[in-house]
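Dumped data34.csv below, it's CSV, C-alpha atoms and all ligand atoms:
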```csv
chain,number,residue,atom,x,y,z
A,30,MET,CA,-22.8,31.8,32.0
A,31,HIS,CA,-24.8,35.0,32.0
A,32,ILE,CA,-23.9,37.2,34.9
A,33,VAL,CA,-25.6,40.2,36.5
A,34,ALA,CA,-24.1,42.2,39.4
A,35,LYS,CA,-26.4,44.8,41.0
A,36,HIS,CA,-25.2,47.6,43.3
A,37,LEU,CA,-22.3,45.6,44.9
A,38,THR,CA,-20.9,47.3,47.9
A,39,LYS,CA,-18.2,45.8,50.1
A,40,SER,CA,-16.3,47.4,53.0
A,41,PHE,CA,-13.4,46.1,55.1
A,42,GLY,CA,-13.7,47.9,58.4
A,43,SER,CA,-14.4,51.5,57.5
A,44,PHE,CA,-12.7,51.2,54.1
A,45,GLN,CA,-15.1,50.8,51.1
A,46,ALA,CA,-13.4,48.4,48.6
A,47,THR,CA,-16.3,48.5,46.1
A,48,LYS,CA,-19.0,51.1,45.8
A,49,ASP,CA,-22.3,50.4,44.1
A,50,VAL,CA,-20.8,48.3,41.3
A,51,SER,CA,-23.3,47.1,38.7
A,52,PHE,CA,-22.7,45.3,35.5
A,53,GLU,CA,-23.9,42.6,33.1
A,54,ILE,CA,-21.8,40.0,31.3
A,55,GLU,CA,-23.0,37.9,28.4
A,56,LYS,CA,-22.3,34.2,28.1
A,57,GLY,CA,-19.0,33.2,26.5
A,58,LYS,CA,-17.4,36.7,26.7
A,59,LEU,CA,-13.8,37.4,27.8
A,60,ILE,CA,-13.9,40.3,30.2
A,61,GLY,CA,-10.9,42.2,31.5
A,62,LEU,CA,-11.2,43.9,34.9
A,63,LEU,CA,-8.7,46.7,34.6
A,64,GLY,CA,-7.5,49.4,36.9
A,65,PRO,CA,-4.8,50.7,39.3
A,66,SER,CA,-3.7,48.7,42.3
A,67,GLY,CA,-6.0,48.7,45.2
A,68,GLY,CA,-9.0,49.8,43.1
A,69,GLY,CA,-11.2,46.8,44.1
A,70,LYS,CA,-10.7,44.4,41.1
A,71,THR,CA,-9.8,41.3,43.2
A,72,THR,CA,-12.7,42.1,45.6
A,73,ILE,CA,-15.1,42.0,42.7
A,74,LEU,CA,-13.7,38.7,41.5
A,75,ARG,CA,-13.8,37.3,45.1
A,76,MET,CA,-17.5,38.3,45.4
A,77,LEU,CA,-18.3,36.6,42.1
A,78,ALA,CA,-16.5,33.5,43.4
A,79,GLY,CA,-18.3,33.4,46.7
A,80,LEU,CA,-15.1,34.0,48.7
A,81,GLU,CA,-16.3,37.3,49.9
A,82,GLU,CA,-19.9,38.3,50.6
A,83,PRO,CA,-21.1,41.7,49.5
A,84,ASP,CA,-22.5,44.0,52.3
A,85,SER,CA,-25.3,44.9,49.9
A,86,GLY,CA,-26.3,44.2,46.3
A,87,ASP,CA,-27.0,41.0,44.4
A,88,ILE,CA,-25.1,38.6,42.1
A,89,LEU,CA,-27.2,36.6,39.6
A,90,PHE,CA,-25.9,33.7,37.6
A,91,HIS,CA,-28.4,32.7,34.8
A,92,GLY,CA,-31.0,35.0,36.5
A,93,GLN,CA,-30.6,33.1,39.9
A,94,LYS,CA,-29.4,34.9,43.0
A,95,VAL,CA,-26.2,33.3,44.2
A,96,ASN,CA,-25.3,35.6,47.1
A,97,SER,CA,-25.3,32.9,49.7
A,98,LEU,CA,-24.1,30.0,47.5
A,99,PRO,CA,-20.7,28.7,48.6
A,100,PRO,CA,-17.8,28.8,46.1
A,101,GLN,CA,-17.9,25.1,45.3
A,102,ALA,CA,-21.6,25.3,44.4
A,103,ARG,CA,-21.1,28.1,41.9
A,104,GLY,CA,-19.7,26.2,38.9
A,105,ILE,CA,-16.5,28.3,38.8
A,106,GLY,CA,-12.9,27.7,37.9
A,107,PHE,CA,-10.0,29.9,39.2
A,108,VAL,CA,-6.5,30.7,38.2
A,109,PHE,CA,-4.4,32.9,40.5
A,110,GLN,CA,-1.2,34.7,39.7
A,111,SER,CA,0.9,32.5,42.1
A,112,TYR,CA,0.0,29.4,40.1
A,113,ALA,CA,-1.2,27.6,43.2
A,114,LEU,CA,-0.5,24.2,41.7
A,115,PHE,CA,-0.2,21.3,44.2
A,116,ARG,CA,3.6,21.1,44.5
A,117,HIS,CA,3.8,17.4,45.2
A,118,MET,CA,1.4,16.3,42.4
A,119,SER,CA,2.3,15.6,38.8
A,120,VAL,CA,0.8,17.6,35.9
A,121,PHE,CA,-1.6,14.8,35.3
A,122,ASP,CA,-2.8,14.7,39.0
A,123,ASN,CA,-3.0,18.5,39.2
A,124,ILE,CA,-5.3,18.6,36.2
A,125,ALA,CA,-7.3,15.6,37.5
A,126,PHE,CA,-7.8,17.2,40.9
A,127,GLY,CA,-11.3,18.7,40.4
A,128,LEU,CA,-12.5,15.6,38.6
A,129,THR,CA,-11.4,13.4,41.5
A,130,VAL,CA,-13.4,15.7,43.8
A,131,GLN,CA,-16.4,15.3,41.5
A,132,LYS,CA,-15.9,11.5,42.0
A,133,ARG,CA,-15.7,10.8,38.3
A,134,SER,CA,-14.7,7.3,37.3
A,135,LYS,CA,-11.0,6.6,36.6
A,136,ALA,CA,-11.6,6.1,32.9
A,137,GLN,CA,-13.5,9.4,32.6
A,138,ILE,CA,-10.8,11.2,34.5
A,139,LYS,CA,-8.1,9.8,32.3
A,140,GLN,CA,-10.0,10.7,29.1
A,141,ARG,CA,-10.7,14.3,30.2
A,142,VAL,CA,-7.2,14.9,31.4
A,143,GLN,CA,-5.8,13.6,28.2
A,144,GLU,CA,-8.1,15.9,26.3
A,145,LEU,CA,-6.9,18.9,28.3
A,146,ILE,CA,-3.3,18.0,27.9
A,147,GLU,CA,-3.8,18.0,24.2
A,148,LEU,CA,-5.8,21.2,24.2
A,149,THR,CA,-3.2,23.1,26.3
A,150,GLY,CA,-0.2,21.6,24.4
A,151,LEU,CA,1.3,19.9,27.5
A,152,GLY,CA,1.8,16.5,25.9
A,153,GLY,CA,4.8,14.6,27.2
A,154,LEU,CA,4.8,16.6,30.5
A,155,GLU,CA,2.2,14.6,32.3
A,156,LYS,CA,4.5,13.1,34.9
A,157,ARG,CA,6.5,16.3,35.7
A,158,LEU,CA,6.1,18.1,39.0
A,159,PRO,CA,5.4,21.8,39.0
A,160,HIS,CA,9.0,22.8,39.8
A,161,GLN,CA,10.1,21.0,36.7
A,162,LEU,CA,8.1,23.3,34.5
A,163,SER,CA,8.6,26.8,33.1
A,164,GLY,CA,6.3,29.6,34.4
A,165,GLY,CA,4.3,29.5,31.2
A,166,GLN,CA,3.8,25.8,31.3
A,167,ARG,CA,2.7,26.0,34.9
A,168,GLN,CA,0.2,28.6,34.0
A,169,ARG,CA,-1.2,26.3,31.3
A,170,VAL,CA,-1.5,23.5,33.8
A,171,ALA,CA,-3.3,25.9,36.1
A,172,PHE,CA,-5.7,26.8,33.3
A,173,ALA,CA,-6.2,23.1,32.3
A,174,ARG,CA,-6.9,22.3,36.0
A,175,ALA,CA,-9.4,25.1,36.3
A,176,ILE,CA,-11.4,24.2,33.2
A,177,ALA,CA,-11.2,20.4,33.7
A,178,PRO,CA,-14.5,20.1,35.7
A,179,GLU,CA,-16.2,22.2,33.0
A,180,PRO,CA,-17.1,25.3,35.0
A,181,GLN,CA,-19.4,27.8,33.5
A,182,LEU,CA,-17.4,30.7,34.7
A,183,LEU,CA,-13.6,31.1,34.8
A,184,LEU,CA,-12.0,33.7,37.0
A,185,LEU,CA,-8.4,34.7,36.5
A,186,ASP,CA,-6.6,37.0,38.9
A,187,GLU,CA,-3.5,38.5,37.3
A,188,PRO,CA,-2.8,35.1,35.7
A,189,PHE,CA,0.4,36.3,33.9
A,190,ALA,CA,1.8,38.7,36.5
A,191,ALA,CA,4.6,36.4,37.6
A,192,ILE,CA,5.8,35.7,34.0
A,193,ASP,CA,8.3,37.6,32.0
A,194,ALA,CA,7.2,40.0,29.3
A,195,LYS,CA,7.8,38.0,26.2
A,196,VAL,CA,6.2,34.7,27.4
A,197,ARG,CA,3.4,36.8,28.9
A,198,LYS,CA,2.5,38.1,25.5
A,199,GLU,CA,2.5,34.6,24.0
A,200,LEU,CA,0.4,33.3,26.8
A,201,ARG,CA,-2.3,35.9,26.6
A,202,THR,CA,-2.9,35.2,22.9
A,203,TRP,CA,-2.8,31.6,23.7
A,204,LEU,CA,-5.4,32.2,26.4
A,205,LYS,CA,-7.7,34.1,24.1
A,206,GLU,CA,-7.6,31.2,21.6
A,207,MET,CA,-8.3,28.6,24.2
A,208,ILE,CA,-11.2,30.5,25.6
A,209,ASP,CA,-12.7,31.1,22.2
A,210,ARG,CA,-12.4,27.4,21.6
A,211,VAL,CA,-13.9,26.2,24.9
A,212,GLY,CA,-16.5,29.1,24.9
A,213,ILE,CA,-16.5,29.7,28.6
A,214,THR,CA,-17.4,33.0,30.2
A,215,THR,CA,-14.1,34.4,31.6
A,216,ILE,CA,-13.2,37.3,33.7
A,217,PHE,CA,-9.6,38.2,34.3
A,218,VAL,CA,-8.0,40.9,36.5
A,219,THR,CA,-5.1,42.9,35.2
A,220,HIS,CA,-3.5,46.2,35.7
A,221,ASP,CA,-1.8,46.1,32.4
A,222,GLN,CA,-3.9,48.1,29.9
A,223,GLU,CA,-2.1,46.5,26.9
A,224,GLU,CA,-3.1,43.1,28.1
A,225,ALA,CA,-6.7,44.0,28.5
A,226,VAL,CA,-7.0,45.9,25.2
A,227,GLU,CA,-5.4,43.1,23.3
A,228,VAL,CA,-7.4,40.1,24.5
A,229,ALA,CA,-10.7,41.2,26.1
A,230,ASP,CA,-14.0,41.3,24.3
A,231,GLN,CA,-15.0,43.9,26.9
A,232,ILE,CA,-13.2,45.9,29.5
A,233,MET,CA,-14.4,47.1,32.9
A,234,ILE,CA,-12.4,50.0,34.3
A,235,ILE,CA,-12.3,49.8,38.1
A,236,ASN,CA,-11.0,52.8,40.1
A,237,GLN,CA,-11.3,53.5,43.8
A,238,GLY,CA,-14.0,50.9,44.3
A,239,ARG,CA,-16.2,52.2,41.4
A,240,LEU,CA,-16.9,50.8,37.9
A,241,GLU,CA,-15.9,53.8,35.8
A,242,GLN,CA,-16.9,52.3,32.4
A,243,GLN,CA,-17.7,49.0,30.7
A,244,GLY,CA,-17.3,48.6,27.0
A,245,THR,CA,-15.3,47.1,24.1
A,246,PRO,CA,-11.7,48.1,24.1
A,247,ILE,CA,-12.4,50.4,21.1
A,248,GLU,CA,-15.4,52.0,22.8
A,249,ILE,CA,-13.3,52.7,25.9
A,250,TYR,CA,-10.5,54.2,23.8
A,251,LYS,CA,-12.7,56.3,21.5
A,252,GLN,CA,-15.5,57.3,23.9
A,253,PRO,CA,-14.2,57.5,27.4
A,254,GLU,CA,-16.9,58.5,29.8
A,255,THR,CA,-14.8,59.8,32.6
A,256,PRO,CA,-11.5,61.8,32.8
A,257,PHE,CA,-10.0,58.8,34.7
A,258,VAL,CA,-10.8,56.5,31.8
A,259,ALA,CA,-9.5,58.9,29.2
A,260,ASN,CA,-6.2,59.2,31.1
A,261,PHE,CA,-5.9,55.5,32.0
A,262,ILE,CA,-6.4,54.1,28.5
A,263,GLY,CA,-4.2,55.6,25.8
A,264,GLU,CA,-2.2,58.8,26.1
A,265,SER,CA,-3.7,62.2,26.7
A,266,ASN,CA,-3.2,65.9,27.1
A,267,GLN,CA,-5.3,67.8,29.6
A,268,ILE,CA,-6.5,71.4,29.2
A,269,GLY,CA,-7.9,72.9,32.4
A,270,ASP,CA,-10.2,75.4,30.7
A,271,ALA,CA,-11.7,74.1,27.4
A,272,THR,CA,-12.9,77.6,26.4
A,273,THR,CA,-9.3,78.6,25.7
A,274,LEU,CA,-9.4,76.4,22.5
A,275,LYS,CA,-10.4,79.1,20.0
A,276,GLY,CA,-10.6,76.7,17.0
A,277,PHE,CA,-13.2,74.7,18.9
A,278,PRO,CA,-16.1,77.1,19.7
A,279,ALA,CA,-18.2,74.1,20.8
A,280,ALA,CA,-15.7,73.5,23.6
A,281,GLY,CA,-17.8,76.0,25.6
A,282,ALA,CA,-20.8,73.6,25.3
A,283,ILE,CA,-20.2,72.2,28.7
A,284,GLU,CA,-19.8,74.6,31.5
A,285,GLY,CA,-16.5,74.6,33.4
A,286,ALA,CA,-15.3,71.7,31.3
A,287,LYS,CA,-11.8,70.3,31.2
A,288,ALA,CA,-10.7,69.0,27.8
A,289,ILE,CA,-8.7,65.9,27.2
A,290,ILE,CA,-7.0,65.4,23.9
A,291,ARG,CA,-5.1,62.3,22.6
A,292,PRO,CA,-1.8,63.2,20.9
A,293,GLU,CA,-2.8,61.1,17.9
A,294,PHE,CA,-5.8,63.4,17.3
A,295,ILE,CA,-3.6,66.5,17.0
A,296,GLU,CA,-2.0,67.7,13.8
A,297,VAL,CA,0.9,70.2,14.0
A,298,GLY,CA,2.0,71.9,10.9
A,299,LEU,CA,4.1,74.7,9.5
A,300,PRO,CA,2.2,77.6,7.9
A,301,GLY,CA,0.4,76.4,4.8
A,302,GLU,CA,0.8,72.8,5.7
A,303,LEU,CA,-2.5,72.0,7.3
A,304,PRO,CA,-6.0,72.0,5.8
A,305,TYR,CA,-8.7,74.2,7.4
A,306,PRO,CA,-6.2,76.8,8.8
A,307,SER,CA,-9.1,78.9,10.1
A,308,ALA,CA,-10.0,76.0,12.6
A,309,ALA,CA,-6.4,75.7,13.8
A,310,GLU,CA,-4.9,77.1,17.0
A,311,GLN,CA,-1.6,79.0,16.8
A,312,GLY,CA,1.2,77.6,18.9
A,313,VAL,CA,5.0,77.5,19.3
A,314,VAL,CA,7.1,74.4,19.3
A,315,LYS,CA,8.8,73.9,22.6
A,316,ASN,CA,10.6,70.6,22.1
A,317,VAL,CA,10.9,67.8,19.5
A,318,TYR,CA,11.7,64.2,20.4
A,319,PHE,CA,12.5,61.4,18.1
A,320,ARG,CA,10.4,58.3,18.9
A,321,GLY,CA,11.6,55.8,16.3
A,322,THR,CA,8.4,55.7,14.3
A,323,ASN,CA,7.5,59.4,14.5
A,324,TRP,CA,8.3,62.7,16.2
A,325,GLN,CA,6.8,63.8,19.4
A,326,ILE,CA,6.2,67.5,19.4
A,327,GLU,CA,5.7,69.5,22.5
A,328,VAL,CA,3.9,72.7,21.7
A,329,THR,CA,2.6,75.6,23.7
A,330,LEU,CA,-0.8,77.1,23.0
A,331,GLY,CA,-1.1,80.3,25.1
A,332,SER,CA,-0.6,79.1,28.6
A,333,GLU,CA,-1.4,75.4,27.8
A,334,LYS,CA,1.2,72.8,26.7
A,335,LEU,CA,0.3,69.8,24.5
A,336,PHE,CA,2.1,67.0,23.0
A,337,ALA,CA,1.4,65.6,19.5
A,338,TYR,CA,2.9,63.3,17.0
A,339,ARG,CA,4.2,64.1,13.6
A,340,SER,CA,5.2,61.8,10.7
A,341,LEU,CA,8.9,61.4,9.9
A,342,GLU,CA,7.9,62.0,6.2
A,343,LEU,CA,7.1,65.7,6.9
A,344,PRO,CA,9.8,68.4,7.3
A,345,GLN,CA,11.3,68.3,10.7
A,346,LEU,CA,10.1,70.9,13.2
A,347,HIS,CA,12.4,72.8,15.6
A,348,ALA,CA,12.0,74.4,19.0
A,349,GLY,CA,10.8,78.0,18.4
A,350,ASP,CA,8.9,77.3,15.2
A,351,ARG,CA,5.5,78.9,14.9
A,352,VAL,CA,3.0,76.3,14.0
A,353,SER,CA,-0.7,75.7,13.4
A,354,VAL,CA,-2.3,73.1,15.6
A,355,LEU,CA,-5.4,71.3,14.4
A,356,ILE,CA,-7.4,69.3,17.0
A,357,HIS,CA,-9.5,66.5,15.4
A,358,ARG,CA,-11.2,65.1,18.4
A,359,LEU,CA,-11.5,66.2,22.0
A,360,TYR,CA,-13.3,65.0,25.1
A,361,LEU,CA,-15.0,67.4,27.5
A,362,PHE,CA,-15.7,66.6,31.1
A,363,ASN,CA,-17.2,68.4,34.0
A,364,GLU,CA,-18.6,67.0,37.2
A,365,ASP,CA,-21.8,65.6,35.7
A,366,GLU,CA,-21.4,65.6,31.9
A,367,HIS,CA,-19.1,64.4,29.2
A,368,LEU,CA,-19.1,65.1,25.4
A,369,THR,CA,-16.9,64.0,22.5
A,370,LEU,CA,-16.3,66.7,19.9
A,371,GLU,CA,-14.9,66.0,16.4
B,401,LIG,P1,-4.4,44.9,43.0
B,401,LIG,O1,-4.3,45.3,41.6
B,401,LIG,O2,-3.3,45.5,43.9
B,401,LIG,O3,-4.6,43.5,43.3
B,401,LIG,P2,-7.2,45.4,43.3
B,401,LIG,O4,-7.8,46.4,42.4
B,401,LIG,O5,-7.4,44.0,43.1
B,401,LIG,O6,-5.7,45.7,43.6
B,401,LIG,P3,-8.4,44.7,45.9
B,401,LIG,O7,-7.5,43.6,46.1
B,401,LIG,O8,-9.8,44.4,45.5
B,401,LIG,O9,-7.8,45.7,44.8
B,401,LIG,O10,-8.4,45.7,47.1
B,401,LIG,C1,-9.2,46.9,47.2
B,401,LIG,C2,-8.9,47.5,48.6
B,401,LIG,O11,-9.5,46.8,49.6
B,401,LIG,C3,-7.4,47.6,48.9
B,401,LIG,O12,-7.2,48.9,49.4
B,401,LIG,C4,-7.2,46.5,49.9
B,401,LIG,O13,-6.1,46.9,50.8
B,401,LIG,C5,-8.5,46.4,50.6
B,401,LIG,N1,-8.7,45.0,51.0
B,401,LIG,C6,-8.9,44.0,50.2
B,401,LIG,N2,-9.2,42.9,50.9
B,401,LIG,C7,-9.1,43.2,52.2
B,401,LIG,C8,-9.3,42.5,53.5
B,401,LIG,N3,-9.6,41.3,53.5
B,401,LIG,N4,-9.2,43.3,54.6
B,401,LIG,C9,-9.0,44.6,54.6
B,401,LIG,N5,-8.8,45.3,53.4
B,401,LIG,C10,-8.9,44.6,52.3
```

Output the structure of this file as structure tokens.
Ligand code: ATP
Amino acid sequence: MHIVAKHLTKSFGSFQATKDVSFEIEKGKLIGLLGPSGGGKTTILRMLAGLEEPDSGDILFHGQKVNSLPPQARGIGFVFQSYALFRHMSVFDNIAFGLTVQKRSKAQIKQRVQELIELTGLGGLEKRLPHQLSGGQRQRVAFARAIAPEPQLLLLDEPFAAIDAKVRKELRTWLKEMIDRVGITTIFVTHDQEEAVEVADQIMIINQGRLEQQGTPIEIYKQPETPFVANFIGESNQIGDATTLKGFPAAGAIEGAKAIIRPEFIEVGLPGELPYPSAAEQGVVKNVYFRGTNWQIEVTLGSEKLFAYRSLELPQLHAGDRVSVLIHRLYLFNEDEHLTLE
């Protein structure tokens, strides 16, 4: 389903849970709504579902305004973090639930449930009750139940939050495969950046009621449009006054800009080790930490402190070493502008 949201605003009392949120989602995409707790992700999902009405703004499905359409008329499937399976119903009956509501024939229901049981790898568990299943199996039943009536949009609210880390990792790759196979537009809420980056076609970063950025995981990582996004996705160093970076004259291009630099875009070397020494800053190693796959180097540049990574193949650095620091990419932000320099 093709979805458009225009200027969605929603308050609870005097608290604005979403502020002027606009986006467009293409049919068949898997979208991750990502951001810190309380940012408004669930509120956006609930407005799409029809469980919450926006105070202002419009929601369009296939170009049709659905603002006042009740949830059951929107062609949506849901999965919530707390499984929400019917406890006294078998796996079969749980999956059949939406089909029964649609008053499909017994034969049709049986065929569709069987199809889903195969698709989700739940064969042999049809007669079990939810408490006789593992967390991962329950989530697969919830998924099968949600897609059984062939919804055009699937909404998942932290679907893996209650599941332990290892199974969660398996489930999310499983989910991506499933969704690719059934080709249904899916939006899932998560506050786990790794989860969003790994499975989503596109990510929407939600913070304090606002949509900070929408893009593919790689776009969001490489071209963050706000300092919040730069800090939230990946690791970063912050430099309060970008003009202190002498090796980057262009850092003065935006007035009063802060700079954000990812540690993986910083090269730290002993004298003579780095190319382009004239573009390098001069710093002093403050601390060196072993990270298993590389060294983390903490280095001071004048009054600023940065951390960077260094290969284990290179000679080890020590606190007090004078080093050259080459910055390969930095992000500049002030109130109204942002710029990526390389
Ligand atoms: P989490 O990751 O913790 O689920 P979220 O990003 O999904 O957070 P929301 O659940 O959308 O955030 O909540 C956004 C804000 O709106 C929160 O501060 C929350 O307390 C508030 N809120 C949500 N629903 C209601 C409600 N029905 N009444 C009052 N406040 C609400």

Using all atoms listed in the file, tabulate the residues of chain A lying at most 6 Å from any atom of ligand LIG 401 (chain B), each with its closest atom pair and that distance in Å to one decimal, by chain and increasing residue number, as a Markdown table.
```
| residue | atom | partner | partner_atom | distance |
| --- | --- | --- | --- | --- |
| A:Phe41 | CA | B:LIG401 | C9 | 4.7 |
| A:Ala46 | CA | B:LIG401 | O11 | 4.3 |
| A:Pro65 | CA | B:LIG401 | O1 | 5.9 |
| A:Ser66 | CA | B:LIG401 | O1 | 3.5 |
| A:Gly67 | CA | B:LIG401 | O6 | 3.4 |
| A:Gly68 | CA | B:LIG401 | O4 | 3.7 |
| A:Gly69 | CA | B:LIG401 | O8 | 3.1 |
| A:Lys70 | CA | B:LIG401 | O4 | 3.8 |
| A:Thr71 | CA | B:LIG401 | O5 | 3.6 |
| A:Thr72 | CA | B:LIG401 | O8 | 3.7 |
```

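These residues, each with an atom at most 12 Å from (12.6, 60.1, 11.0) using only C-alpha atoms, are Val317, Tyr318, Phe319, Arg320, Gly321, Thr322, Asn323, Trp324, Gln325, Tyr338, Arg339, Ser340, Leu341, Glu342, Leu343, Pro344, Gln345 and Leu346 of chain A.
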
Around (-8.1, 63.7, 21.2), as given in the file, which residues come within 12 Å? Count all atoms listed in the file and list them as a ChimeraX atom specification.
/A:250-253,259-260,263-268,288-296,335-338,355-361,368-371

Skip stretch 206-213 of chain A itself and residues of its chain fewer than 5 positions away, then list as a ChimeraX atom specification all residues within 8 Å of it, counting all atoms listed in the file.
/A:30,56-59,148-149,180-183

Could you please determine the separation between atom CA of A:Glu284 and atom CA of A:Glu364 in Å, to one decimal place?
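Atom-to-atom, atom CA of A:Glu284 and atom CA of A:Glu364 are spaced 9.6 Å apart.
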
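Straight-line separation from atom CA of A:Thr38 to atom CA of A:Ala229: 24.8 Å.
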
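Atom CA of A:Thr214 sits 16.9 Å away from atom CA of A:Ala171.
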
Identify which of the residues A:Ser85, A:Ser353, A:Ser119, A:Gln243 lies closest to A:Ala308, counting only C-alpha atoms when measuring atom-to-atom distances.
A:Ser353

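Minimum atom-to-atom distance to A:Lys135, evaluated using only C-alpha atoms, belongs to A:Asp122 out of A:Ala102, A:Asp122, A:Val218, A:Ile235.
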
Could stretch 254-274 of chain A be completed with N, CA and C atoms and written as a short mmCIF file (atom, residue, chain, number, x, y, z; two decimals), keeping the file's coordinate frame, please?
```cif
data_model
loop_
_atom_site.label_atom_id
_atom_site.label_comp_id
_atom_site.auth_asym_id
_atom_site.auth_seq_id
_atom_site.Cartn_x
_atom_site.Cartn_y
_atom_site.Cartn_z
N GLU A 254 -15.83 57.81 29.18
CA GLU A 254 -16.90 58.50 29.80
C GLU A 254 -16.50 59.31 31.05
N THR A 255 -15.28 59.07 31.50
CA THR A 255 -14.80 59.80 32.60
C THR A 255 -13.34 60.27 32.36
N PRO A 256 -12.88 61.34 33.00
CA PRO A 256 -11.50 61.80 32.80
C PRO A 256 -10.53 60.65 33.20
N PHE A 257 -10.89 59.90 34.24
CA PHE A 257 -10.00 58.80 34.70
C PHE A 257 -9.79 57.82 33.52
N VAL A 258 -10.88 57.43 32.88
CA VAL A 258 -10.80 56.50 31.80
C VAL A 258 -9.95 57.04 30.63
N ALA A 259 -10.21 58.30 30.30
CA ALA A 259 -9.50 58.90 29.20
C ALA A 259 -7.97 58.95 29.48
N ASN A 260 -7.61 59.14 30.74
CA ASN A 260 -6.20 59.20 31.10
C ASN A 260 -5.58 57.80 31.23
N PHE A 261 -6.39 56.86 31.68
CA PHE A 261 -5.90 55.50 32.00
C PHE A 261 -5.62 54.72 30.73
N ILE A 262 -6.51 54.86 29.76
CA ILE A 262 -6.40 54.10 28.50
C ILE A 262 -5.85 55.06 27.44
N GLY A 263 -4.74 54.71 26.84
CA GLY A 263 -4.20 55.60 25.80
C GLY A 263 -3.44 56.74 26.44
N GLU A 264 -2.97 57.65 25.57
CA GLU A 264 -2.20 58.80 26.10
C GLU A 264 -3.11 60.02 25.97
N SER A 265 -2.82 61.03 26.80
CA SER A 265 -3.70 62.20 26.70
C SER A 265 -3.02 63.47 27.21
N ASN A 266 -3.54 64.58 26.69
CA ASN A 266 -3.20 65.90 27.10
C ASN A 266 -4.41 66.46 27.89
N GLN A 267 -4.16 67.26 28.90
CA GLN A 267 -5.30 67.80 29.60
C GLN A 267 -5.24 69.36 29.49
N ILE A 268 -6.43 69.93 29.28
CA ILE A 268 -6.50 71.40 29.20
C ILE A 268 -7.53 71.80 30.28
N GLY A 269 -7.05 72.57 31.23
CA GLY A 269 -7.90 72.90 32.40
C GLY A 269 -9.14 73.65 32.03
N ASP A 270 -9.05 74.58 31.08
CA ASP A 270 -10.20 75.40 30.70
C ASP A 270 -10.42 75.23 29.19
N ALA A 271 -11.45 74.46 28.82
CA ALA A 271 -11.70 74.10 27.40
C ALA A 271 -11.96 75.34 26.55
N THR A 272 -12.47 76.42 27.16
CA THR A 272 -12.90 77.60 26.40
C THR A 272 -11.66 78.32 25.78
N THR A 273 -10.45 77.96 26.24
CA THR A 273 -9.30 78.60 25.70
C THR A 273 -8.99 78.07 24.24
N LEU A 274 -9.68 77.01 23.83
CA LEU A 274 -9.40 76.40 22.50
C LEU A 274 -10.28 77.21 21.48
#
```
